[in-house]
Amino acid sequence: MIAAAAMPEPSDFATALPMTDTSAFAERYRRDGFAGPIRIVPPERSGELKGMFEAYEAHSLAARGRTSHIKPHLVDPGFAKLALSPAGKAAVRAVLGPEILLWSTGFFIKAAGAGRFVSWHQDAWDWGLTPHLGIATLWLALTPSTVESGAVRFVRGSHARGLVRHEETFGANNILSLGQSIPVNEDAEDIADVELQPGEASLHNGLAIHGGGPNRSSWDRIGLTMTFIRADAVQHKGRDLVTAVDGCRPDRFDYESLPVERFGPAEIAMLKESLRRPSGFGDMTVK
């Protein structure tokens with residue numbers, strides 16, 4: 001039996017962005033294409049996040065014979081709570097509006113010293129979703145995400161350029177499966193490194209150009225992404241499978257069931273079905 005890691009209950013999470021900060025946060029997001037940090041898990045509980053991930057990995061290996069980094073919120077109740085935390089939803093609604101859907105979740109991992117990186121790219125390039133500015137991704141740090149460990153970097157204001165053509169390089173050390181890349185002059189562009197402590201998140205939109213260098217620290221940099229879309233979003237790659245948020249269920253999508261137990265039979269079946277849909281990436285995007 002694999003021991004379950006402790007997990008904060010939803011009531012332990014920060015309940016919302018303070019109302020006095022919401023308009024300023026939304027203004028930074030609209031101006032720069034990203035904003036943060038946002039406190040999702042309180043500091044006194046944030047030390048548990050790495051253990052949650054390690055327990056998830058052990059359960060994944062036991063249940064599937066492999067690690068499974070796409071849509072952990074479908075097979076682990078703890079990560080479902082994180083993905084739908086009150087603070088996260090409040091931040092997303094501040095920029096997308098009241099009716100939102102959870103499109104996908106996934107782990108981004110840079111092992112210490114492994115040389116893995118993320119090329120400059122826009123999320124909306126290959127996701128099949130419109131409107132592009134109706135996509136918002138929370139990037140939650142489970143371990144410290146610093147310049148040394150390869151924190152996410154953004155080009156300020158780049159979302160205003162619209163969708164930019166990417167080159168698909170299929171680079172061996174590129175975490176992105178297609179190696180999709182945009183040329184960026186780091187000496188000329190307005191670059192921002194967003195450093196996060198465990199339990200903190202940043203929020204960026206689907207057109208924000210971002211990437212990140214290799215992990216030169218002594219710890220593995222582990223992040224959880226949670227991508228939300230507006231309820232009026234259209235998926236152009238086929239009928240998609242998403243998670244309803246607080247009862248919002250437009251009929252253009254099919255809907256996922258949240259997990260009751262870790263990697264139970266029903267949960268694994270739900271995951272496998274979801275991985276066949278556009279929001280599941282075929283389990284290929286995150287290694």
# chains A, B, ... in the order shown; residues from 1 in each chain; ligands from 1
$ residues_around --residues "Pro144 (chain A)" --least-positions-apart "4" --cutoff "8 Å" --atoms "only C-alpha atoms" --output "number ranges by chain"
A: 149, 195-198, 221-222
$ write_last_selection --atoms "N, CA and C atoms" --output "PDB file, in the first residue's frame"
ATOM      1  N   SER A 149      16.657  27.782 -11.030  1.00  0.00           N
ATOM      2  CA  SER A 149      16.021  26.498 -11.345  1.00  0.00           C
ATOM      3  C   SER A 149      15.216  26.518 -12.637  1.00  0.00           C
ATOM      4  N   GLU A 195       9.581  34.559 -10.532  1.00  0.00           N
ATOM      5  CA  GLU A 195      10.013  33.594  -9.535  1.00  0.00           C
ATOM      6  C   GLU A 195       8.853  33.309  -8.577  1.00  0.00           C
ATOM      7  N   LEU A 196       8.713  32.038  -8.225  1.00  0.00           N
ATOM      8  CA  LEU A 196       7.610  31.597  -7.380  1.00  0.00           C
ATOM      9  C   LEU A 196       8.126  30.671  -6.284  1.00  0.00           C
ATOM     10  N   GLN A 197       7.585  30.834  -5.098  1.00  0.00           N
ATOM     11  CA  GLN A 197       7.831  29.895  -4.016  1.00  0.00           C
ATOM     12  C   GLN A 197       6.719  28.845  -4.005  1.00  0.00           C
ATOM     13  N   PRO A 198       6.956  27.671  -3.401  1.00  0.00           N
ATOM     14  CA  PRO A 198       5.908  26.644  -3.373  1.00  0.00           C
ATOM     15  C   PRO A 198       4.580  27.203  -2.857  1.00  0.00           C
ATOM     16  N   ARG A 221      12.835  21.293 -10.255  1.00  0.00           N
ATOM     17  CA  ARG A 221      11.806  22.322 -10.345  1.00  0.00           C
ATOM     18  C   ARG A 221      10.543  21.680 -10.892  1.00  0.00           C
ATOM     19  N   ILE A 222       9.473  21.695 -10.086  1.00  0.00           N
ATOM     20  CA  ILE A 222       8.223  21.024 -10.431  1.00  0.00           C
ATOM     21  C   ILE A 222       7.094  22.044 -10.403  1.00  0.00           C
TER      22      ILE A 222
END
$ select_by_dssp --residues "region 137-234 of chain A" --states "strand (DSSP E)" --output "VMD selection string"
chain A and resid 137 to 141 153 to 155 167 to 168 180 to 181 191 to 193 200 to 205 210 to 212 221 to 230 234
$ residues_around --residues "Tyr255 (chain A)" --least-positions-apart "3" --cutoff "7 Å" --atoms "only C-alpha atoms" --output "ChimeraX atom specification"
/A:241-244
$ select_by_dssp --residues "region 82-232 of chain A" --states "helix (DSSP H, G or I)" --output "JSON, numbers by chain"
{"A": [82, 83, 86, 87, 88, 89, 90, 91, 92, 93, 94, 95, 96, 123, 124, 125, 132, 133, 134, 158, 159, 160, 161]}
$ write_last_selection --atoms "C-alpha atoms" --output "mmCIF file, in the first residue's frame"
data_model
loop_
_atom_site.group_PDB
_atom_site.id
_atom_site.type_symbol
_atom_site.label_atom_id
_atom_site.label_comp_id
_atom_site.auth_asym_id
_atom_site.auth_seq_id
_atom_site.Cartn_x
_atom_site.Cartn_y
_atom_site.Cartn_z
ATOM 1 C CA LEU A 82 -5.603 22.336 -6.263
ATOM 2 C CA ALA A 83 -6.855 22.782 -9.826
ATOM 3 C CA PRO A 86 -10.962 29.239 -4.656
ATOM 4 C CA ALA A 87 -7.941 31.534 -5.072
ATOM 5 C CA GLY A 88 -7.120 30.125 -8.512
ATOM 6 C CA LYS A 89 -10.684 30.448 -9.753
ATOM 7 C CA ALA A 90 -10.904 34.009 -8.418
ATOM 8 C CA ALA A 91 -7.743 34.985 -10.320
ATOM 9 C CA VAL A 92 -8.986 33.426 -13.555
ATOM 10 C CA ARG A 93 -12.414 35.017 -13.275
ATOM 11 C CA ALA A 94 -10.775 38.391 -12.702
ATOM 12 C CA VAL A 95 -9.392 38.228 -16.266
ATOM 13 C CA LEU A 96 -11.755 35.895 -18.182
ATOM 14 C CA ASP A 123 0.260 28.251 -25.780
ATOM 15 C CA ALA A 124 -2.454 29.069 -28.319
ATOM 16 C CA TRP A 125 -0.229 28.050 -31.262
ATOM 17 C CA HIS A 132 -6.868 33.035 -28.095
ATOM 18 C CA LEU A 133 -7.213 35.680 -25.392
ATOM 19 C CA GLY A 134 -9.920 33.530 -23.792
ATOM 20 C CA SER A 158 3.833 40.105 -26.432
ATOM 21 C CA HIS A 159 0.191 39.004 -26.355
ATOM 22 C CA ALA A 160 -0.644 42.195 -28.261
ATOM 23 C CA ARG A 161 1.141 40.807 -31.348
#
$ residues_around --residues "Val75 (chain A)" --least-positions-apart "4" --cutoff "10 Å" --atoms "only C-alpha atoms" --output "number ranges by chain"
A: 56, 59-60, 68, 71, 79-80, 257-271
$ write_last_selection --atoms "N, CA and C atoms" --output "JSON list (two decimals), in the first residue's frame"
[["chain", "number", "residue", "atom", "x", "y", "z"],
["A", 56, "TYR", "N", 1.94, 10.99, -5.94],
["A", 56, "TYR", "CA", 1.25, 10.85, -7.23],
["A", 56, "TYR", "C", 2.09, 10.00, -8.19],
["A", 59, "HIS", "N", 1.93, 6.33, -7.22],
["A", 59, "HIS", "CA", 0.64, 5.74, -7.59],
["A", 59, "HIS", "C", 0.53, 5.53, -9.09],
["A", 60, "SER", "N", 1.02, 6.49, -9.87],
["A", 60, "SER", "CA", 0.98, 6.37, -11.32],
["A", 60, "SER", "C", 1.78, 5.16, -11.79],
["A", 68, "SER", "N", 2.45, 9.55, -15.44],
["A", 68, "SER", "CA", 1.39, 10.13, -16.26],
["A", 68, "SER", "C", 1.25, 11.59, -15.86],
["A", 71, "LYS", "N", -3.22, 15.82, -17.05],
["A", 71, "LYS", "CA", -4.50, 15.77, -16.34],
["A", 71, "LYS", "C", -4.46, 14.99, -15.02],
["A", 79, "PHE", "N", -4.98, 16.78, -6.33],
["A", 79, "PHE", "CA", -4.70, 17.69, -7.41],
["A", 79, "PHE", "C", -5.97, 18.26, -8.03],
["A", 80, "ALA", "N", -7.08, 17.56, -7.91],
["A", 80, "ALA", "CA", -8.36, 18.14, -8.33],
["A", 80, "ALA", "C", -8.70, 19.35, -7.46],
["A", 257, "SER", "N", -15.43, 13.56, -15.14],
["A", 257, "SER", "CA", -15.80, 13.30, -13.75],
["A", 257, "SER", "C", -14.55, 13.48, -12.88],
["A", 258, "LEU", "N", -14.72, 14.17, -11.76],
["A", 258, "LEU", "CA", -13.60, 14.34, -10.85],
["A", 258, "LEU", "C", -13.37, 13.07, -10.02],
["A", 259, "PRO", "N", -12.14, 12.83, -9.59],
["A", 259, "PRO", "CA", -11.81, 11.56, -8.94],
["A", 259, "PRO", "C", -12.36, 11.45, -7.52],
["A", 260, "VAL", "N", -12.69, 10.22, -7.17],
["A", 260, "VAL", "CA", -13.08, 9.89, -5.80],
["A", 260, "VAL", "C", -11.91, 9.25, -5.07],
["A", 261, "GLU", "N", -11.13, 8.44, -5.79],
["A", 261, "GLU", "CA", -9.95, 7.80, -5.21],
["A", 261, "GLU", "C", -8.77, 7.96, -6.16],
["A", 262, "ARG", "N", -7.57, 7.80, -5.63],
["A", 262, "ARG", "CA", -6.37, 7.91, -6.45],
["A", 262, "ARG", "C", -6.24, 6.72, -7.38],
["A", 263, "PHE", "N", -6.20, 7.00, -8.67],
["A", 263, "PHE", "CA", -5.96, 6.00, -9.69],
["A", 263, "PHE", "C", -6.87, 4.77, -9.55],
["A", 264, "GLY", "N", -8.14, 5.02, -9.18],
["A", 264, "GLY", "CA", -9.11, 3.93, -9.18],
["A", 264, "GLY", "C", -9.48, 3.55, -10.60],
["A", 265, "PRO", "N", -10.17, 2.43, -10.79],
["A", 265, "PRO", "CA", -10.54, 1.99, -12.15],
["A", 265, "PRO", "C", -11.35, 3.03, -12.92],
["A", 266, "ALA", "N", -12.33, 3.64, -12.26],
["A", 266, "ALA", "CA", -13.14, 4.66, -12.95],
["A", 266, "ALA", "C", -12.30, 5.88, -13.29],
["A", 267, "GLU", "N", -11.38, 6.24, -12.39],
["A", 267, "GLU", "CA", -10.53, 7.40, -12.63],
["A", 267, "GLU", "C", -9.58, 7.15, -13.80],
["A", 268, "ILE", "N", -8.99, 5.96, -13.86],
["A", 268, "ILE", "CA", -8.09, 5.64, -14.97],
["A", 268, "ILE", "C", -8.85, 5.61, -16.29],
["A", 269, "ALA", "N", -10.06, 5.07, -16.29],
["A", 269, "ALA", "CA", -10.87, 5.05, -17.52],
["A", 269, "ALA", "C", -11.19, 6.47, -17.97],
["A", 270, "MET", "N", -11.50, 7.36, -17.02],
["A", 270, "MET", "CA", -11.77, 8.76, -17.36],
["A", 270, "MET", "C", -10.53, 9.41, -17.96],
["A", 271, "LEU", "N", -9.37, 9.16, -17.37],
["A", 271, "LEU", "CA", -8.12, 9.72, -17.88],
["A", 271, "LEU", "C", -7.84, 9.24, -19.30]]
$ decode --residues "region 109-150 of chain A" --atoms "C-alpha atoms" --output "short mmCIF file (atom, residue, chain, number, x, y, z; two decimals), in the first residue's frame"
data_model
loop_
_atom_site.label_atom_id
_atom_site.label_comp_id
_atom_site.auth_asym_id
_atom_site.auth_seq_id
_atom_site.Cartn_x
_atom_site.Cartn_y
_atom_site.Cartn_z
CA ILE A 109 9.35 19.16 -14.49
CA LYS A 110 12.96 20.23 -14.88
CA ALA A 111 15.22 17.80 -13.07
CA ALA A 112 18.28 19.37 -11.49
CA GLY A 113 21.19 19.38 -13.93
CA ALA A 114 19.29 17.57 -16.71
CA GLY A 115 19.55 20.42 -19.24
CA ARG A 116 15.84 20.45 -20.12
CA PHE A 117 14.40 23.79 -21.25
CA VAL A 118 11.21 25.28 -22.69
CA SER A 119 11.58 27.26 -25.92
CA TRP A 120 9.90 30.63 -26.44
CA HIS A 121 6.32 29.92 -27.53
CA GLN A 122 2.64 30.82 -27.26
CA ASP A 123 0.26 28.25 -25.78
CA ALA A 124 -2.45 29.07 -28.32
CA TRP A 125 -0.23 28.05 -31.26
CA ASP A 126 -1.27 24.38 -31.36
CA TRP A 127 -4.19 24.04 -28.95
CA GLY A 128 -7.00 24.54 -31.45
CA LEU A 129 -8.90 26.98 -29.24
CA THR A 130 -10.39 30.36 -30.01
CA PRO A 131 -10.58 33.09 -28.90
CA HIS A 132 -6.87 33.03 -28.09
CA LEU A 133 -7.21 35.68 -25.39
CA GLY A 134 -9.92 33.53 -23.79
CA ILE A 135 -7.23 31.10 -22.55
CA ALA A 136 -5.57 31.61 -19.15
CA THR A 137 -3.03 29.28 -17.53
CA LEU A 138 -2.16 29.17 -13.84
CA TRP A 139 1.43 27.98 -13.28
CA LEU A 140 1.69 26.71 -9.68
CA ALA A 141 5.09 26.05 -8.10
CA LEU A 142 5.32 22.78 -6.16
CA THR A 143 9.04 23.41 -5.55
CA PRO A 144 10.89 26.76 -5.77
CA SER A 145 10.81 28.17 -9.30
CA THR A 146 13.70 30.62 -9.44
CA VAL A 147 16.01 31.99 -12.12
CA GLU A 148 18.53 29.35 -11.01
CA SER A 149 16.02 26.50 -11.35
CA GLY A 150 14.62 27.67 -14.70
#
